[in-house]
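Participant: Before I ask anything, here is the structure I am working with.
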Amino acid sequence: MVYLTLQKAQKFLAASQQVHKTAVHVLEKSAPKETVTSSFASFIHGVRPEHLSAIVRHRSKRMILDSIGVGLVGSTTRVFNIALQYCQELYSSNPISSVYGRKGLKLSPTLAAFANGVAAHSMDFDDTWHPATHPSGAVLPALLSASQMLPSGSKPKGLDFLVAFNVGIEVQGRLMHFSNEAHNIPKRFHPPSVVGTMGSAAATAKLLSLNESQCAHALAIAASLAGAPMANAATQVKPLHIGNAACLGFQAALLAARGMEASPFVLDDIPGCAGFNAFYGDYQPKPLALPANNHKLLLEKQDIAFKRFPAHLGMHWIVDAALSVRNLFVNYSHSFSPSLIHAIVLRIPVSKYINRPFPESEHQARHSFQFNACTALLDGEVGISSYTDSSIHRRELMELLAKVVVEHPEDNVANFDKMYGEVVLILENGDVLTGRCDTFYGHWRKPLSRESLLKKFRSNASYVFPENQVNTIITTVENMEDLPDSSQLASSL
């Protein structure tokens, strides 16, 4: 039975390499016109390089570079090694797609997308958009694997790759803009597991040149593969949400290319028959048009947030506020003396899964306002090494955590475009010092400079590659439009 399953997997993956030829012969059964779903399909099929403005190209290449960097450093983590071992044991067939940080190791295309998606989110170091999701990690791994899957002579160019990437980003953003609920820090579904799966399907469908009908089916199939609960945030399972989004969206596009059909109304709001609105109760969709004079891609209007340290995005407000009040305290007392602190007040939004008084693991620590504020106060910085077991369980840190009091001001809402972080030190002598952050460096309102982004990438990539290879990747991404074969990027990772 196992042997038969492997044989079937080999045949399926071999067939998928001929997806361009297959797509031509699949019977086209167009979805009914004038629906939201069909408009998304038309958008995916119709986007062209000229629709990418200079701003969109610039921002999307920054996203690609950052996502590769966090994926490379993520390939050093325990959760990635667990996922990789699973992939190697599951199938050995058709190993043609590269794995982050594992030179010479290849997996089947969809499993490579899964493994690289896990790597991208294994430290919670990947980019964040508004409405809240991690857009790149669900799309880029699928495209990298798909670019290597296609046969010689059919390899997409770098510009084709960049167009497909932006299709995947746009679809995620548009779907989230149809819901007010999606604008806030999530409570039910982890957004990348929902819109990320849809974005992966859209991007892969674009790279594989599927027709409009197949693009619609790919989205509908992906909707049936989407979703993961927020209860698994701050655990080793959360990175699997991104891995699954990349892998399952990719699978949806391959199934659509092979002729599988699904609901033509999956993105429409049909009373009494839940489609995508199963994920967002206030979902109010609108048709999606191609970019034109009065219609721009969302990435042109809404930039991305890039993280300076590997933790939930909300931690960046509280860390910068903590660093601000720490400077005041050092100037006040001429050194950082925890014994002078009576209480530490954190003024933060209400969000249960990132309110963790005494985290016990690295993943809990990455999702703890208390831990990140106290680490910033104690060390004067937060970085990769802050989340090791020895750092998490330090006596000095435990003593600071015991002094924390949390407050939830009504004006501090759980929304990455509106929230703030405030850290108040109440000293033993009654004096009070306050640090506040309204916009951290790296937020879309205060984007990282090119120098800062490259510094982050070099630091992350250097965990697995020598300097000359790191520089090659930077040059390749920054000149992606001129790349004759986009699979060269995947092969270099």
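Here's how to read the names in the structure tokens: chain A, B, ... by the order shown, residue numbers from 1 in each chain, ligand numbers from 1 in the order shown.
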Range 285-390 of chain A near range 128-142 of chain A within 7 Å: what's each residue's closest atom pair and its distance in Å to one decimal, counting only C-alpha atoms, ordered by chain then ascending residue number, as a Markdown table?
Facilitator:
```
| residue | atom | partner | partner_atom | distance |
| --- | --- | --- | --- | --- |
| A:Ile304 | CA | A:Trp129 | CA | 5.2 |
| A:Ala305 | CA | A:Thr128 | CA | 5.2 |
| A:Phe306 | CA | A:Thr128 | CA | 6.7 |
```
Participant: Can you write just those residues out, N, CA and C atoms, as a compact mmCIF listing (two decimals), in the first residue's frame?
Facilitator:
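Output (selection23.txt):
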```
# COMPACT_ATOMS: atom_id res chain seq x y z
N ILE A 304 4.67 47.68 3.95
CA ILE A 304 4.82 46.50 4.80
C ILE A 304 5.60 46.87 6.06
N ALA A 305 5.33 46.16 7.15
CA ALA A 305 6.15 46.28 8.36
C ALA A 305 7.19 45.17 8.37
N PHE A 306 8.46 45.54 8.58
CA PHE A 306 9.55 44.58 8.71
C PHE A 306 10.03 44.59 10.17
```
Participant: Quick check for you: according to DSSP on this backbone, which residues of range 61-295 of chain A are classed as helix (DSSP H, G or I)? Reply as number ranges by chain.
Facilitator: A: 61-74, 78-90, 109-121, 135-149, 158-177, 181-183, 191-207, 212-223, 230-232, 238-257, 276-278
Participant: Could you check which of A:Glu300, A:Asp160, A:Asp389, A:Asp282 is closest to Asp485 in chain A, using only C-alpha atoms?
Facilitator: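 Nearest to Asp485 in chain A: A:Asp160.
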Participant: Can you work out the spacing between CA of Gly380 in chain A and CA of Leu328 in chain A in Å, to one decimal?
Facilitator: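 Separation between CA of Gly380 in chain A and CA of Leu328 in chain A: 12.1 Å.
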Participant: Do you have, as JSON lines, the list of residues of range 119-229 of chain A lying at most 6 Å from range 55-73 of chain A, each with its nearest atom pair and that distance in Å to one decimal, counting only C-alpha atoms and ordered by chain then number?
Facilitator:
```
{"residue": "A:Ala119", "atom": "CA", "partner": "A:Gly71", "partner_atom": "CA", "distance": 4.7}
{"residue": "A:Ala120", "atom": "CA", "partner": "A:Gly71", "partner_atom": "CA", "distance": 3.9}
{"residue": "A:Phe125", "atom": "CA", "partner": "A:Val70", "partner_atom": "CA", "distance": 6.0}
```
Participant: Determine which residues of range 289-445 of chain A receive a DSSP assignment of strand (DSSP E), computed from the backbone, and state them as a ChimeraX atom specification.
Facilitator: /A:341-347,404-407,421-427,432-437
Participant: Using CA of Leu84 in chain A and CA of Ala112 in chain A as the two end points, give the distance in Å to one decimal.
Facilitator: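 Pair CA of Leu84 in chain A / CA of Ala112 in chain A returns 8.8 Å.
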Participant: Tell me, as a ChimeraX atom specification, which residues lie within 6 Å of His190 in chain A, counting only C-alpha atoms; anything in the same chain fewer than 3 positions away does not count.
Facilitator: /A:193,228-230
Participant: Mind writing the picked residues with C-alpha atoms as an mmCIF file, in the first residue's frame?
Facilitator:
```
data_model
loop_
_atom_site.group_PDB
_atom_site.id
_atom_site.type_symbol
_atom_site.label_atom_id
_atom_site.label_comp_id
_atom_site.auth_asym_id
_atom_site.auth_seq_id
_atom_site.Cartn_x
_atom_site.Cartn_y
_atom_site.Cartn_z
ATOM 1 C CA SER A 193 -3.662 30.120 7.245
ATOM 2 C CA ALA A 228 -6.050 27.230 11.496
ATOM 3 C CA PRO A 229 -7.133 28.284 15.007
ATOM 4 C CA MET A 230 -5.453 30.985 17.062
#
```
Participant: Which residues come within 7 Å of Leu346 in chain A, counting only C-alpha atoms, excluding same-chain residues fewer than 2 positions away, as JSON, numbers by chain?
Facilitator: {"A": [344, 348, 405, 406, 407, 422, 423, 424]}
Participant: Those residues you just picked out, can you put them in a file as a PDB file, in the first residue's frame with all heavy atoms?
Facilitator:
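Output (again-v1.pdb):
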```
ATOM      1  N   ILE A 344       6.328  47.830  37.319  1.00  0.00           N
ATOM      2  CA  ILE A 344       6.420  48.109  35.881  1.00  0.00           C
ATOM      3  C   ILE A 344       5.010  48.016  35.315  1.00  0.00           C
ATOM      4  O   ILE A 344       4.393  46.944  35.334  1.00  0.00           O
ATOM      5  CB  ILE A 344       7.331  47.094  35.168  1.00  0.00           C
ATOM      6  CG1 ILE A 344       8.733  47.094  35.791  1.00  0.00           C
ATOM      7  CG2 ILE A 344       7.401  47.393  33.674  1.00  0.00           C
ATOM      8  CD1 ILE A 344       9.596  45.921  35.321  1.00  0.00           C
ATOM      9  N   ILE A 348      -1.190  48.347  27.252  1.00  0.00           N
ATOM     10  CA  ILE A 348      -1.218  47.591  25.996  1.00  0.00           C
ATOM     11  C   ILE A 348      -2.663  47.303  25.587  1.00  0.00           C
ATOM     12  O   ILE A 348      -3.583  47.414  26.401  1.00  0.00           O
ATOM     13  CB  ILE A 348      -0.459  46.259  26.144  1.00  0.00           C
ATOM     14  CG1 ILE A 348      -1.022  45.449  27.325  1.00  0.00           C
ATOM     15  CG2 ILE A 348       1.034  46.510  26.337  1.00  0.00           C
ATOM     16  CD1 ILE A 348      -0.404  44.083  27.506  1.00  0.00           C
ATOM     17  N   VAL A 405       2.624  45.010  35.994  1.00  0.00           N
ATOM     18  CA  VAL A 405       1.178  45.201  36.091  1.00  0.00           C
ATOM     19  C   VAL A 405       0.693  45.617  34.705  1.00  0.00           C
ATOM     20  O   VAL A 405       1.290  46.492  34.063  1.00  0.00           O
ATOM     21  CB  VAL A 405       0.815  46.289  37.119  1.00  0.00           C
ATOM     22  CG1 VAL A 405      -0.699  46.515  37.146  1.00  0.00           C
ATOM     23  CG2 VAL A 405       1.333  45.922  38.501  1.00  0.00           C
ATOM     24  N   VAL A 406      -0.377  44.997  34.247  1.00  0.00           N
ATOM     25  CA  VAL A 406      -0.904  45.280  32.903  1.00  0.00           C
ATOM     26  C   VAL A 406      -2.153  46.134  32.996  1.00  0.00           C
ATOM     27  O   VAL A 406      -3.057  45.862  33.804  1.00  0.00           O
ATOM     28  CB  VAL A 406      -1.208  43.964  32.151  1.00  0.00           C
ATOM     29  CG1 VAL A 406      -1.994  44.242  30.874  1.00  0.00           C
ATOM     30  CG2 VAL A 406       0.089  43.233  31.826  1.00  0.00           C
ATOM     31  N   GLU A 407      -2.210  47.171  32.156  1.00  0.00           N
ATOM     32  CA  GLU A 407      -3.406  48.002  32.026  1.00  0.00           C
ATOM     33  C   GLU A 407      -3.827  48.037  30.560  1.00  0.00           C
ATOM     34  O   GLU A 407      -2.974  47.945  29.660  1.00  0.00           O
ATOM     35  CB  GLU A 407      -3.137  49.428  32.518  1.00  0.00           C
ATOM     36  CG  GLU A 407      -2.841  49.518  34.009  1.00  0.00           C
ATOM     37  CD  GLU A 407      -2.573  50.953  34.459  1.00  0.00           C
ATOM     38  OE1 GLU A 407      -2.566  51.855  33.586  1.00  0.00           O
ATOM     39  OE2 GLU A 407      -2.385  51.162  35.668  1.00  0.00           O
ATOM     40  N   GLU A 422       3.098  51.560  25.980  1.00  0.00           N
ATOM     41  CA  GLU A 422       3.563  52.475  27.018  1.00  0.00           C
ATOM     42  C   GLU A 422       4.098  51.664  28.196  1.00  0.00           C
ATOM     43  O   GLU A 422       3.454  50.710  28.645  1.00  0.00           O
ATOM     44  CB  GLU A 422       2.413  53.373  27.476  1.00  0.00           C
ATOM     45  CG  GLU A 422       2.858  54.643  28.184  1.00  0.00           C
ATOM     46  CD  GLU A 422       1.733  55.665  28.267  1.00  0.00           C
ATOM     47  OE1 GLU A 422       0.961  55.596  29.237  1.00  0.00           O
ATOM     48  OE2 GLU A 422       1.625  56.512  27.361  1.00  0.00           O
ATOM     49  N   VAL A 423       5.274  52.024  28.656  1.00  0.00           N
ATOM     50  CA  VAL A 423       5.903  51.352  29.794  1.00  0.00           C
ATOM     51  C   VAL A 423       6.173  52.404  30.873  1.00  0.00           C
ATOM     52  O   VAL A 423       6.855  53.408  30.619  1.00  0.00           O
ATOM     53  CB  VAL A 423       7.212  50.650  29.393  1.00  0.00           C
ATOM     54  CG1 VAL A 423       7.859  49.984  30.606  1.00  0.00           C
ATOM     55  CG2 VAL A 423       6.957  49.619  28.294  1.00  0.00           C
ATOM     56  N   VAL A 424       5.648  52.159  32.044  1.00  0.00           N
ATOM     57  CA  VAL A 424       5.788  53.093  33.163  1.00  0.00           C
ATOM     58  C   VAL A 424       6.580  52.415  34.269  1.00  0.00           C
ATOM     59  O   VAL A 424       6.238  51.314  34.711  1.00  0.00           O
ATOM     60  CB  VAL A 424       4.410  53.532  33.700  1.00  0.00           C
ATOM     61  CG1 VAL A 424       4.585  54.501  34.863  1.00  0.00           C
ATOM     62  CG2 VAL A 424       3.581  54.153  32.589  1.00  0.00           C
TER      63      VAL A 424
END
```
Participant: So how many Å separate CA of Phe279 in chain A and CA of Met198 in chain A, to one decimal?
Facilitator: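 For CA of Phe279 in chain A relative to CA of Met198 in chain A, the distance reads 12.3 Å.
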Participant: If we count only C-alpha atoms, what is near range 177-186 of chain A at a cut-off of 12 Å, once residues fewer than 4 positions away on the same chain are taken out, given as a count of residues only?
Facilitator: 57
Participant: Which is closer to Arg450 in chain A than all the others in A:Pro264, A:Ala234, A:Gly243, A:Ile474, using only C-alpha atoms?
Facilitator: A:Ile474
Participant: Any idea what's packed within 8 Å of Leu340 in chain A, counting only C-alpha atoms, ignoring anything in its chain fewer than 6 positions away? Could you give it as a ChimeraX atom specification?
Facilitator: /A:427-429
Participant: With a distance cut-off of 10 Å and only C-alpha atoms, select the neighbouring residues of Asn81 in chain A, excluding the residue or stretch itself and same-chain residues fewer than 5 positions from it, and output the selection as an NGL selection string.
Facilitator: :A and (74-76 or 86-87 or 115 or 118-119)
